[in-house]
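Shown next: structure31.txt, containing compact mmCIF, C-alpha atoms (C1' of nucleotides).
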```txt
# COMPACT_ATOMS: atom_id res chain seq x y z
CA MET A 172 0.00 0.00 0.00
CA THR A 173 1.09 3.52 -0.63
CA ARG A 174 0.79 6.32 1.84
CA TRP A 175 -1.42 8.42 -0.36
CA GLU A 176 -3.42 7.80 -3.47
CA PRO A 177 -0.81 6.89 -6.04
CA ASN A 178 0.15 8.84 -9.15
CA ALA A 179 -0.53 12.36 -7.98
CA ARG A 180 1.12 13.78 -11.11
CA GLY A 181 -1.07 11.70 -13.39
CA ARG A 182 -4.21 12.68 -11.53
CA LEU A 183 -3.30 16.34 -11.85
CA GLU A 184 -2.66 15.94 -15.56
CA LEU A 185 -5.99 14.24 -16.09
CA ALA A 186 -7.92 16.75 -14.00
CA ALA A 187 -6.32 19.64 -15.87
CA LEU A 188 -7.06 18.11 -19.25
CA GLU A 189 -10.70 17.63 -18.30
CA LEU A 190 -11.19 21.08 -16.85
CA TYR A 191 -9.34 22.91 -19.62
CA GLY A 192 -11.56 21.01 -22.02
CA GLU A 193 -14.79 21.69 -20.15
CA ARG A 194 -14.48 25.40 -19.40
CA GLY A 195 -11.36 26.47 -21.24
CA TYR A 196 -7.89 27.20 -19.98
CA ASP A 197 -8.54 30.76 -18.83
CA GLN A 198 -11.69 29.90 -16.96
CA THR A 199 -9.97 27.13 -15.06
CA THR A 200 -8.22 27.79 -11.79
CA VAL A 201 -5.27 25.83 -10.46
CA ALA A 202 -7.15 25.37 -7.20
CA GLU A 203 -9.95 23.67 -9.13
CA ILE A 204 -7.56 21.30 -10.85
CA ALA A 205 -5.98 20.38 -7.54
CA ARG A 206 -9.34 19.88 -5.89
CA ARG A 207 -10.52 17.55 -8.64
CA ALA A 208 -7.31 15.56 -8.23
CA GLY A 209 -7.84 15.39 -4.48
CA LEU A 210 -4.83 17.59 -3.75
CA THR A 211 -4.06 21.20 -2.90
CA GLU A 212 -2.94 24.05 -5.08
CA ARG A 213 0.46 24.02 -3.39
CA THR A 214 1.00 20.42 -4.42
CA PHE A 215 0.15 21.24 -8.01
CA PHE A 216 3.02 23.71 -8.08
CA ARG A 217 5.34 21.09 -6.67
CA TYR A 218 4.77 18.92 -9.71
CA PHE A 219 4.46 21.60 -12.37
CA ALA A 220 6.33 24.86 -12.61
CA ASP A 221 3.24 26.72 -13.77
CA LYS A 222 -0.32 26.35 -14.93
CA ARG A 223 0.80 25.56 -18.49
CA GLU A 224 3.36 22.92 -17.77
CA VAL A 225 0.73 20.42 -16.72
CA LEU A 226 -0.02 19.95 -20.42
CA PHE A 227 3.64 19.56 -21.37
CA TYR A 228 5.03 16.94 -19.04
CA GLY A 229 4.76 14.46 -21.90
CA SER A 230 6.97 16.55 -24.12
CA GLY A 231 9.86 15.89 -21.77
CA MET A 232 9.32 12.18 -22.21
CA LEU A 233 9.12 12.64 -25.96
CA GLN A 234 12.45 14.42 -25.92
CA ASP A 235 14.12 11.77 -23.77
CA GLY A 236 12.72 8.99 -25.92
CA LEU A 237 13.79 10.64 -29.14
CA VAL A 238 17.31 11.29 -27.95
CA LYS A 239 17.73 7.72 -26.70
CA GLY A 240 16.34 6.38 -29.94
CA ILE A 241 18.89 8.34 -31.92
CA GLU A 242 21.71 7.14 -29.71
CA ASP A 243 20.62 3.55 -30.23
CA ALA A 244 20.22 3.84 -33.99
CA PRO A 245 22.61 1.76 -36.16
CA ALA A 246 25.85 3.62 -36.69
CA GLY A 247 25.73 3.67 -40.46
CA LEU A 248 22.25 5.20 -40.76
CA PRO A 249 22.10 8.63 -42.42
CA PRO A 250 21.10 11.38 -39.94
CA ILE A 251 17.59 11.92 -41.22
CA ASP A 252 16.89 8.20 -41.10
CA ALA A 253 18.24 7.88 -37.59
CA VAL A 254 15.79 10.60 -36.61
CA GLY A 255 13.04 8.86 -38.59
CA ALA A 256 13.63 5.53 -36.88
CA SER A 257 13.58 7.18 -33.48
CA LEU A 258 10.37 9.02 -34.33
CA GLU A 259 8.66 5.78 -35.28
CA ALA A 260 9.79 4.18 -32.03
CA VAL A 261 8.38 6.93 -29.82
CA ALA A 262 5.24 7.02 -31.91
CA ASP A 263 4.57 3.44 -30.91
CA SER A 264 5.72 3.55 -27.32
CA LEU A 265 4.43 6.96 -26.26
CA PHE A 266 1.51 7.87 -28.47
CA GLU A 267 -0.35 5.02 -30.08
CA GLU A 268 -2.44 4.13 -27.04
CA ARG A 269 -3.33 7.70 -26.27
CA ARG A 270 -4.93 9.13 -29.34
CA ASP A 271 -7.97 10.41 -27.46
CA ARG A 272 -5.90 12.26 -24.90
CA ALA A 273 -3.71 13.62 -27.68
CA ARG A 274 -6.77 14.91 -29.50
CA GLN A 275 -8.16 16.57 -26.40
CA ARG A 276 -4.84 18.19 -25.68
CA GLN A 277 -4.47 19.35 -29.25
CA ALA A 278 -7.84 21.08 -29.19
CA ILE A 279 -7.05 22.88 -25.96
CA VAL A 280 -3.68 24.13 -27.14
CA ALA A 281 -5.14 25.24 -30.44
CA ALA A 282 -7.67 27.36 -28.57
CA THR A 283 -5.19 29.09 -26.26
CA PRO A 284 -2.43 31.45 -27.42
CA GLU A 285 -0.66 31.20 -24.08
CA LEU A 286 -0.33 27.46 -24.60
CA GLN A 287 0.82 27.84 -28.18
CA GLU A 288 3.70 29.95 -26.94
CA ARG A 289 4.75 27.15 -24.66
CA GLU A 290 4.37 24.60 -27.41
CA LEU A 291 6.63 26.58 -29.71
CA ILE A 292 9.44 26.78 -27.20
CA LYS A 293 9.08 23.08 -26.42
CA MET A 294 9.43 22.29 -30.11
CA ALA A 295 12.49 24.49 -30.35
CA THR A 296 14.02 22.77 -27.33
CA LEU A 297 13.19 19.39 -28.79
CA SER A 298 14.82 20.32 -32.05
CA ALA A 299 17.95 21.46 -30.26
CA ALA A 300 18.13 18.22 -28.27
CA VAL A 301 17.80 16.12 -31.42
CA ALA A 302 20.51 18.16 -33.09
CA GLY A 303 22.72 17.56 -30.08
CA ALA A 304 22.13 13.81 -30.24
CA LEU A 305 23.05 13.84 -33.91
CA ARG A 306 26.23 15.75 -33.25
CA ARG A 307 27.18 13.13 -30.69
CA ARG A 308 26.99 10.57 -33.48
CA GLY A 309 29.46 12.62 -35.47
CA VAL A 310 27.08 14.62 -37.65
CA THR A 311 28.47 18.09 -38.25
CA GLU A 312 26.70 21.43 -38.46
CA PRO A 313 24.68 22.67 -40.17
CA GLY A 314 23.59 19.15 -41.12
CA ALA A 315 22.69 18.19 -37.56
CA SER A 316 20.39 21.15 -37.04
CA LEU A 317 18.79 20.83 -40.44
CA ALA A 318 18.08 17.13 -39.99
CA ALA A 319 16.70 17.82 -36.52
CA GLU A 320 14.38 20.57 -37.69
CA ALA A 321 13.24 18.53 -40.62
CA GLY A 322 12.58 15.55 -38.37
CA VAL A 323 10.55 17.58 -35.93
CA ALA A 324 8.60 19.09 -38.81
CA VAL A 325 7.86 15.61 -40.14
CA PHE A 326 6.62 14.57 -36.75
CA ARG A 327 4.35 17.61 -36.48
CA VAL A 328 2.82 16.93 -39.87
CA ALA A 329 2.29 13.26 -39.08
CA PHE A 330 0.84 14.09 -35.69
CA GLN A 331 -1.63 16.51 -37.25
CA ARG A 332 -2.81 13.84 -39.65
CA TRP A 333 -3.02 11.29 -36.87
CA VAL A 334 -5.25 13.32 -34.57
CA GLY A 335 -7.28 14.44 -37.55
CA GLN A 336 -8.20 10.90 -38.46
CA PRO A 337 -11.62 9.56 -37.51
CA GLY A 338 -11.81 6.69 -35.03
CA ASP A 339 -12.38 6.25 -31.31
CA SER A 340 -10.09 4.98 -28.63
CA GLY A 341 -10.39 1.23 -29.09
CA ASP A 342 -10.70 1.65 -32.83
CA ALA A 343 -8.06 0.13 -35.06
CA SER A 344 -9.14 2.07 -38.13
CA GLY A 345 -6.87 4.45 -39.98
CA GLN A 346 -3.11 4.46 -39.93
CA THR A 347 -0.85 4.38 -36.91
CA LEU A 348 1.22 7.40 -36.05
CA ALA A 349 4.36 5.44 -36.89
CA GLN A 350 3.02 4.73 -40.37
CA LEU A 351 2.16 8.38 -40.85
CA VAL A 352 5.64 9.37 -39.72
CA ARG A 353 7.22 7.04 -42.23
CA GLN A 354 4.94 8.32 -44.94
CA SER A 355 5.53 11.99 -44.15
CA LEU A 356 9.27 11.48 -44.12
CA ALA A 357 9.04 9.83 -47.52
CA GLU A 358 7.12 12.82 -48.81
CA LEU A 359 9.73 15.20 -47.47
CA LYS A 360 12.41 13.21 -49.21
CA ALA A 361 10.47 13.25 -52.46
CA VAL A 362 10.02 17.01 -52.29
CA THR A 363 13.63 17.78 -51.47
CA ALA A 364 15.14 15.22 -53.82
CA GLY A 365 13.01 16.50 -56.68
CA ASN A 366 15.40 19.47 -56.85
CA MET B 76 0.75 71.98 -25.71
CA THR B 77 -0.33 68.52 -24.75
CA ARG B 78 -2.34 67.76 -21.66
CA TRP B 79 0.19 65.35 -20.25
CA GLU B 80 3.79 64.58 -20.94
CA PRO B 81 3.77 63.26 -24.48
CA ASN B 82 4.61 59.76 -25.65
CA ALA B 83 3.50 57.74 -22.66
CA ARG B 84 3.99 54.49 -24.58
CA GLY B 85 7.54 55.39 -25.51
CA ARG B 86 8.39 56.36 -21.95
CA LEU B 87 7.07 53.05 -20.71
CA GLU B 88 9.09 51.17 -23.30
CA LEU B 89 12.25 52.99 -22.34
CA ALA B 90 11.72 52.58 -18.61
CA ALA B 91 11.08 48.87 -19.05
CA LEU B 92 14.16 48.40 -21.19
CA GLU B 93 16.28 50.14 -18.59
CA LEU B 94 14.90 48.28 -15.61
CA TYR B 95 14.91 44.87 -17.27
CA GLY B 96 18.51 45.56 -18.14
CA GLU B 97 19.49 46.82 -14.70
CA ARG B 98 17.91 44.20 -12.46
CA GLY B 99 16.59 41.59 -14.84
CA TYR B 100 13.07 40.90 -16.05
CA ASP B 101 11.95 38.84 -13.07
CA GLN B 102 13.24 41.30 -10.51
CA THR B 103 11.41 44.17 -12.15
CA THR B 104 7.87 45.03 -11.17
CA VAL B 105 5.35 46.67 -13.46
CA ALA B 106 4.72 49.28 -10.79
CA GLU B 107 8.41 50.21 -10.92
CA ILE B 108 8.34 50.60 -14.69
CA ALA B 109 5.29 52.81 -14.47
CA ARG B 110 6.78 54.91 -11.71
CA ARG B 111 9.97 55.52 -13.68
CA ALA B 112 7.84 56.59 -16.63
CA GLY B 113 5.85 58.94 -14.40
CA LEU B 114 2.67 56.91 -14.75
CA THR B 115 0.71 54.31 -12.83
CA GLU B 116 0.62 50.57 -13.14
CA ARG B 117 -2.93 50.75 -14.48
CA THR B 118 -1.82 52.94 -17.34
CA PHE B 119 0.93 50.47 -18.22
CA PHE B 120 -1.71 47.82 -18.77
CA ARG B 121 -3.69 50.16 -20.97
CA TYR B 122 -0.79 50.35 -23.40
CA PHE B 123 0.51 46.80 -23.12
CA ALA B 124 -1.46 43.62 -22.66
CA ASP B 125 1.08 42.20 -20.26
CA LYS B 126 4.52 42.67 -18.77
CA ARG B 127 6.19 41.04 -21.79
CA GLU B 128 4.49 42.98 -24.53
CA VAL B 129 6.32 46.17 -23.65
CA LEU B 130 9.36 44.67 -25.39
CA PHE B 131 7.40 43.61 -28.46
CA TYR B 132 5.53 46.68 -29.58
CA GLY B 133 8.16 47.14 -32.26
CA SER B 134 7.47 43.75 -33.73
CA GLY B 135 4.00 44.91 -34.72
CA MET B 136 5.57 47.77 -36.63
CA LEU B 137 8.02 45.37 -38.24
CA GLN B 138 5.14 43.21 -39.39
CA ASP B 139 3.18 46.14 -40.79
CA GLY B 140 6.25 47.49 -42.55
CA LEU B 141 7.15 44.14 -44.02
CA VAL B 142 3.67 43.48 -45.34
CA LYS B 143 3.41 46.93 -46.89
CA GLY B 144 6.83 46.52 -48.44
CA ILE B 145 5.78 43.28 -50.08
CA GLU B 146 2.60 44.82 -51.40
CA ASP B 147 4.59 47.66 -52.93
CA ALA B 148 7.23 45.43 -54.52
CA PRO B 149 7.37 45.35 -58.33
CA ALA B 150 4.92 42.82 -59.69
CA GLY B 151 7.41 40.72 -61.58
CA LEU B 152 9.76 40.14 -58.64
CA PRO B 153 10.12 36.51 -57.51
CA PRO B 154 8.60 35.90 -54.06
CA ILE B 155 11.85 35.55 -52.17
CA ASP B 156 13.18 38.77 -53.70
CA ALA B 157 10.01 40.65 -52.89
CA VAL B 158 10.52 39.59 -49.29
CA GLY B 159 14.19 40.50 -49.50
CA ALA B 160 13.46 43.98 -50.82
CA SER B 161 10.91 44.55 -48.09
CA LEU B 162 13.35 43.33 -45.45
CA GLU B 163 15.97 45.80 -46.62
CA ALA B 164 13.44 48.61 -46.51
CA VAL B 165 12.39 47.96 -42.92
CA ALA B 166 16.00 47.44 -41.94
CA ASP B 167 16.71 51.03 -42.94
CA SER B 168 13.52 52.67 -41.74
CA LEU B 169 12.96 50.81 -38.49
CA PHE B 170 16.30 49.52 -37.22
CA GLU B 171 19.37 51.36 -38.44
CA GLU B 172 19.13 54.21 -35.97
CA ARG B 173 18.42 51.99 -33.03
CA ARG B 174 21.23 49.51 -32.84
CA ASP B 175 21.94 50.22 -29.17
CA ARG B 176 18.34 49.68 -28.13
CA ALA B 177 18.22 46.56 -30.28
CA ARG B 178 21.30 45.22 -28.56
CA GLN B 179 19.93 45.91 -25.11
CA ARG B 180 16.66 44.27 -25.97
CA GLN B 181 18.41 41.28 -27.47
CA ALA B 182 20.42 40.69 -24.30
CA ILE B 183 17.33 40.86 -22.12
CA VAL B 184 15.35 38.44 -24.23
CA ALA B 185 18.27 36.04 -24.43
CA ALA B 186 18.39 35.98 -20.64
CA THR B 187 14.70 35.31 -20.07
CA PRO B 188 12.88 32.14 -21.19
CA GLU B 189 9.50 33.79 -20.70
CA LEU B 190 10.48 36.42 -23.24
CA GLN B 191 11.87 33.87 -25.66
CA GLU B 192 8.47 32.21 -25.74
CA ARG B 193 6.91 35.46 -26.74
CA GLU B 194 9.57 36.08 -29.35
CA LEU B 195 8.94 32.70 -30.94
CA ILE B 196 5.23 33.28 -31.32
CA LYS B 197 5.86 36.76 -32.71
CA MET B 198 8.16 35.28 -35.33
CA ALA B 199 5.57 32.67 -36.22
CA THR B 200 2.93 35.37 -36.56
CA LEU B 201 5.27 37.47 -38.66
CA SER B 202 5.95 34.54 -40.93
CA ALA B 203 2.26 33.89 -41.38
CA ALA B 204 1.63 37.55 -42.21
CA VAL B 205 4.38 37.57 -44.81
CA ALA B 206 3.00 34.39 -46.35
CA GLY B 207 -0.41 36.03 -46.52
CA ALA B 208 1.03 39.08 -48.26
CA LEU B 209 2.72 36.84 -50.81
CA ARG B 210 -0.49 34.95 -51.46
CA ARG B 211 -2.20 38.24 -52.16
CA ARG B 212 0.37 38.78 -54.90
CA GLY B 213 -0.64 35.50 -56.44
CA VAL B 214 2.02 33.24 -54.95
CA THR B 215 0.57 29.79 -54.25
CA GLU B 216 1.19 27.41 -51.39
CA PRO B 217 3.46 25.94 -50.31
CA GLY B 218 5.70 28.46 -52.03
CA ALA B 219 4.30 31.41 -50.10
CA SER B 220 4.92 29.84 -46.70
CA LEU B 221 8.34 28.58 -47.64
CA ALA B 222 9.45 31.96 -48.97
CA ALA B 223 8.05 33.63 -45.88
CA GLU B 224 9.85 31.31 -43.47
CA ALA B 225 13.05 31.58 -45.42
CA GLY B 226 12.78 35.36 -45.43
CA VAL B 227 12.21 35.55 -41.69
CA ALA B 228 15.13 33.19 -41.13
CA VAL B 229 17.33 35.41 -43.26
CA PHE B 230 16.31 38.41 -41.24
CA ARG B 231 17.06 36.65 -37.96
CA VAL B 232 20.51 35.66 -39.13
CA ALA B 233 21.26 39.15 -40.38
CA PHE B 234 19.94 40.69 -37.19
CA GLN B 235 22.16 38.46 -35.09
CA ARG B 236 25.20 39.54 -37.06
CA TRP B 237 24.17 43.16 -36.85
CA VAL B 238 23.82 43.32 -33.08
CA GLY B 239 26.97 41.22 -32.72
CA GLN B 240 29.06 43.77 -34.56
CA PRO B 241 31.27 46.16 -32.59
CA GLY B 242 30.49 49.85 -32.73
CA ASP B 243 28.65 52.40 -30.63
CA SER B 244 25.55 54.39 -31.38
CA GLY B 245 26.97 57.23 -33.48
CA ASP B 246 29.49 54.87 -35.01
CA ALA B 247 29.34 54.23 -38.73
CA SER B 248 31.64 51.23 -38.57
CA GLY B 249 30.62 47.80 -39.74
CA GLN B 250 27.85 46.97 -42.14
CA THR B 251 24.28 48.19 -42.07
CA LEU B 252 21.50 45.77 -41.30
CA ALA B 253 20.24 46.15 -44.86
CA GLN B 254 23.62 45.11 -46.21
CA LEU B 255 23.67 42.10 -43.92
CA VAL B 256 20.18 41.15 -45.03
CA ARG B 257 21.21 41.27 -48.65
CA GLN B 258 24.29 39.25 -47.91
CA SER B 259 22.47 36.62 -45.86
CA LEU B 260 19.87 36.19 -48.55
CA ALA B 261 22.62 35.69 -51.10
CA GLU B 262 24.13 33.00 -48.90
CA LEU B 263 20.81 31.26 -48.58
CA LYS B 264 20.46 31.28 -52.34
CA ALA B 265 23.94 29.88 -52.76
CA VAL B 266 23.24 27.07 -50.35
CA THR B 267 19.91 26.10 -51.83
CA ALA B 268 20.92 26.51 -55.44
CA GLY B 269 23.99 24.36 -54.89
CA ASN B 270 21.62 21.40 -55.03
C1' DG C 5 8.30 -2.27 18.69
C1' DA C 6 9.50 2.61 20.18
C1' DG C 7 11.72 6.26 18.30
C1' DA C 8 14.25 8.75 14.71
C1' DG C 9 14.15 9.83 10.05
C1' DT C 10 12.06 10.89 5.38
C1' DG C 11 9.47 12.31 1.61
C1' DA C 12 4.94 13.71 0.11
C1' DT C 13 1.40 16.67 1.35
C1' DG C 14 -1.14 20.50 3.80
C1' DT C 15 -1.53 25.28 5.81
C1' DC C 16 -0.74 30.02 5.81
C1' DA C 17 0.74 34.39 4.58
C1' DG C 18 2.53 37.27 1.23
C1' DT C 19 3.91 39.35 -3.46
C1' DT C 20 2.78 40.41 -8.07
C1' DG C 21 0.38 40.30 -12.55
C1' DC C 22 -3.73 41.69 -14.27
C1' DT C 23 -8.87 43.47 -14.52
C1' DG C 24 -13.28 46.03 -13.84
C1' DA C 25 -15.63 50.04 -12.20
C1' DC C 26 -15.57 54.51 -11.40
C1' DA C 27 -13.48 59.24 -10.55
C1' DT C 28 -10.75 63.05 -12.23
C1' DC C 29 -8.42 66.00 -14.96
C1' DA C 30 -7.18 69.03 -18.97
C1' DC C 31 -8.40 70.30 -22.88
C1' DT C 32 -11.90 71.02 -27.10
C1' DA C 33 -16.11 71.95 -29.62
C1' DG C 34 -20.21 74.30 -29.79
C1' DC D 231 -19.57 78.86 -20.50
C1' DT D 232 -20.88 74.34 -20.63
C1' DA D 233 -20.95 69.75 -22.13
C1' DG D 234 -18.20 66.30 -23.89
C1' DT D 235 -14.03 63.46 -24.56
C1' DG D 236 -9.95 60.87 -24.07
C1' DA D 237 -6.07 59.95 -21.17
C1' DT D 238 -4.98 59.07 -16.62
C1' DG D 239 -5.60 57.94 -11.60
C1' DT D 240 -7.74 55.34 -7.65
C1' DC D 241 -9.44 51.39 -5.57
C1' DA D 242 -10.82 46.82 -4.80
C1' DG D 243 -10.29 42.21 -5.98
C1' DC D 244 -8.93 37.64 -8.15
C1' DA D 245 -5.67 34.30 -9.36
C1' DA D 246 -0.84 32.77 -10.22
C1' DC D 247 2.97 31.66 -7.80
C1' DT D 248 6.43 31.31 -3.56
C1' DG D 249 8.67 30.61 1.00
C1' DA D 250 8.37 28.86 5.61
C1' DC D 251 6.77 25.68 8.44
C1' DA D 252 3.63 21.87 10.13
C1' DT D 253 1.87 17.23 9.58
C1' DC D 254 1.28 12.80 8.30
C1' DA D 255 2.19 7.95 7.11
C1' DC D 256 5.28 5.04 6.41
C1' DT D 257 10.41 2.94 6.93
C1' DC D 258 14.50 1.92 9.13
C1' DT D 259 17.27 1.04 13.07
C1' DC D 260 18.47 -0.40 17.52
```
Show how you would write the structure in this file as structure tokens.
Amino acid sequence: MTRWEPNARGRLELAALELYGERGYDQTTVAEIARRAGLTERTFFRYFADKREVLFYGSGMLQDGLVKGIEDAPAGLPPIDAVGASLEAVADSLFEERRDRARQRQAIVAATPELQERELIKMATLSAAVAGALRRRGVTEPGASLAAEAGVAVFRVAFQRWVGQPGDSGDASGQTLAQLVRQSLAELKAVTAGN
Amino acid sequence: MTRWEPNARGRLELAALELYGERGYDQTTVAEIARRAGLTERTFFRYFADKREVLFYGSGMLQDGLVKGIEDAPAGLPPIDAVGASLEAVADSLFEERRDRARQRQAIVAATPELQERELIKMATLSAAVAGALRRRGVTEPGASLAAEAGVAVFRVAFQRWVGQPGDSGDASGQTLAQLVRQSLAELKAVTAGN
DNA sequence: GAGAGTGATGTCAGTTGCTGACATCACTAG
DNA sequence: CTAGTGATGTCAGCAACTGACATCACTCTC
């Protein structure tokens, strides 16, 4: 047995997602989120630096997963394909089972400029981390940064398509995010190779 | 004669720039900015939506100037050159006389994540506005968005070089921002044309 | 198994960003 | 001269966030 209800962070994330969805980000108070999670406002701020971060904890995991995936990629793989392989891996391990949550989150962010700001800086950070991982494999600049930015762009496009697809949670219809990533990367290659 | 000291907005901008520079963004209070400008906190929030915006009023003028410049560009000019011409125009009219302020501002933003978030979304907005102006000239997607993003990237690179150059306010040393824009655009062309 | 940690949580008080409602002031138009 | 107008001030209040300290439930040690 645990001392308190387990997974306080997860409960806060869920409560925030629900409330932001129900009344909107601005109309939701941190105290309300905490109350719904059975905790206090003070505890919320122990887990998340601010009211926005509660929607971005996952992006830290995405970054970690991506970087590890690049480190583990076969040595000979061209940079963009190392990124592609890593993207497919995180697509399966971090996203596939959570399309509904991803959709909810997407809608909330799209409706709130304050959250879009945060999303932009997270993407920039992500891109920088990927570039760093590539450099550690010996890729030189500006190739590392370009491959990183392209990879992140591919992921964003694929993600958009993925959440835009019809289909409920248990539904197996449509394509997986990993498939869409592969496909989007192929399209990028076609466009850029076309000269 | 004016009823009050003129240029309240400008005084607030200057006071904020000074205080953010002296003690840092976080350690500066809006009330302090207002007091230094000879106004009240309430008046600050009538001119600027929040504590960050006081550093970004200029970016609205940049956007307006850029869009107008694109609209006025000769009809036959290729998209990227229309953007380039407009960039050079705003470089002269909006920036050249203010290198010291630009440098100060740059240092403050670089030191403050909260302000970097805002900068990112301003750049994204700027890019979207430029793409819109290009579309109004008949440029189709995805060419309009690509030219817009490339143009904004060129400007950012040129701006970085410009503020990084030695030289004080009255100093004529170094290159003008417009020259650096032209040069950076040429480099972009060289890189992308190289195939 | 009593007592000393220990880490997660709660409580409380305080600062600051930001807003709405209303008052005031200095000038302008008629 | 008076009414109107737009910029500013005053005041009260909410909500985001923080530091300091208390508490609680469990664990480890002797």
Pick out the chain B residues within 7 Å of chain A. Count only C-alpha atoms. Give them as number ranges by chain.
B: 192-193, 195-196, 270
State, in Å with one decimal place, the distance from CA of Phe266 (chain A) to CA of Leu348 (chain A).
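Going from CA of Phe266 (chain A) over to CA of Leu348 (chain A) covers 7.6 Å.
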Please write as a ChimeraX atom specification the list of polymer residues whose atoms come within 10 Å of (9.3, -4.5, 14.7), counting all atoms listed in the file and keeping to the coordinates of the file.
/C:5-6 /D:258-259
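Near chain B, counting all atoms listed in the file at 12 Å, the chain D residues are DG236, DA237, DT238, DG239, DT240 and DC241 of chain D.
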Could I get the residues of chain C with an atom no further than 12 Å from an atom of chain A, each paired with its nearest atom pair and that distance in Å to one decimal, using all atoms listed in the file, sorted by chain and residue number, as JSON lines?
```
{"residue": "C:DG11", "atom": "C1'", "partner": "A:Arg174", "partner_atom": "CA", "distance": 10.5}
{"residue": "C:DA12", "atom": "C1'", "partner": "A:Trp175", "partner_atom": "CA", "distance": 8.3}
{"residue": "C:DT13", "atom": "C1'", "partner": "A:Thr214", "partner_atom": "CA", "distance": 6.9}
{"residue": "C:DG14", "atom": "C1'", "partner": "A:Thr211", "partner_atom": "CA", "distance": 7.3}
{"residue": "C:DT15", "atom": "C1'", "partner": "A:Arg213", "partner_atom": "CA", "distance": 9.5}
{"residue": "C:DC16", "atom": "C1'", "partner": "A:Arg213", "partner_atom": "CA", "distance": 11.0}
```
So which residues are close to (18.9, 49.5, -43.2), meaning at most 9 Å away in the file's coordinates with all atoms listed in the file counted, and can you show them as a ChimeraX atom specification?
/B:162-172,251-256
Go ahead and compute the interatomic distance for CA of Ser316 (chain A) and CA of Glu216 (chain B), in Å to one decimal.
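Taking CA of Ser316 (chain A) as the start and CA of Glu216 (chain B) as the end point, the length is 24.8 Å.
Note that the spacing between CA of Thr200 (chain B) and CA of Arg180 (chain B) amounts to 19.5 Å.
Those residues that approach region 223-237 of chain B to within 7 Å, counting all atoms listed in the file, are Ile155, Val158, Gly159, Ser202, Val205, Ala206, Ala219, Ser220, Leu221, Gly239, Gln240, Leu252, Leu255, Val256, Ser259 and Leu260 of chain B; same-chain residues fewer than 2 positions away are not listed.
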Contacts of DT20 (chain C) within 9 Å, only C-alpha atoms (C1' of nucleotides), excl. fewer than 4 positions in-chain, as a list in words:
Thr104 and Val105 of chain B; DA246 and DC247 of chain D
Around all listed atoms of region 180-197 of chain A, padded 4 Å per side, what centre and edge lengths does the axis-aligned box have in Å to one decimal, as AutoDock Vina command-line options?
```
--center_x -6.8 --center_y 21.2 --center_z -16.6 --size_x 23.9 --size_y 27.1 --size_z 18.9
```
Would you mind completing region 207-218 of chain A so that it carries N, CA and C atoms, and writing it out as a tab-separated table (two decimals), in the frame of the given file?
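out_14.tsv, freshly written:
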```tsv
chain	number	residue	atom	x	y	z
A	207	ARG	N	-10.01	18.72	-7.92
A	207	ARG	CA	-10.52	17.55	-8.64
A	207	ARG	C	-9.56	16.36	-8.51
A	208	ALA	N	-8.29	16.64	-8.36
A	208	ALA	CA	-7.31	15.56	-8.23
A	208	ALA	C	-7.17	15.12	-6.78
A	209	GLY	N	-7.92	15.75	-5.88
A	209	GLY	CA	-7.84	15.39	-4.48
A	209	GLY	C	-6.56	15.89	-3.82
A	210	LEU	N	-6.07	17.04	-4.30
A	210	LEU	CA	-4.83	17.59	-3.75
A	210	LEU	C	-5.02	19.09	-3.54
A	211	THR	N	-3.97	19.75	-3.10
A	211	THR	CA	-4.06	21.20	-2.90
A	211	THR	C	-3.28	21.94	-3.98
A	212	GLU	N	-3.61	23.21	-4.10
A	212	GLU	CA	-2.94	24.05	-5.08
A	212	GLU	C	-1.42	23.99	-4.89
A	213	ARG	N	-0.98	24.03	-3.65
A	213	ARG	CA	0.46	24.02	-3.39
A	213	ARG	C	1.12	22.78	-3.98
A	214	THR	N	0.44	21.67	-3.90
A	214	THR	CA	1.00	20.42	-4.42
A	214	THR	C	1.09	20.46	-5.94
A	215	PHE	N	0.08	21.06	-6.56
A	215	PHE	CA	0.15	21.24	-8.01
A	215	PHE	C	1.46	21.89	-8.40
A	216	PHE	N	1.81	22.97	-7.70
A	216	PHE	CA	3.02	23.71	-8.08
A	216	PHE	C	4.31	22.99	-7.67
A	217	ARG	N	4.16	21.92	-6.92
A	217	ARG	CA	5.34	21.09	-6.67
A	217	ARG	C	5.62	20.17	-7.85
A	218	TYR	N	4.58	19.80	-8.56
A	218	TYR	CA	4.77	18.92	-9.71
A	218	TYR	C	5.00	19.69	-11.01
```
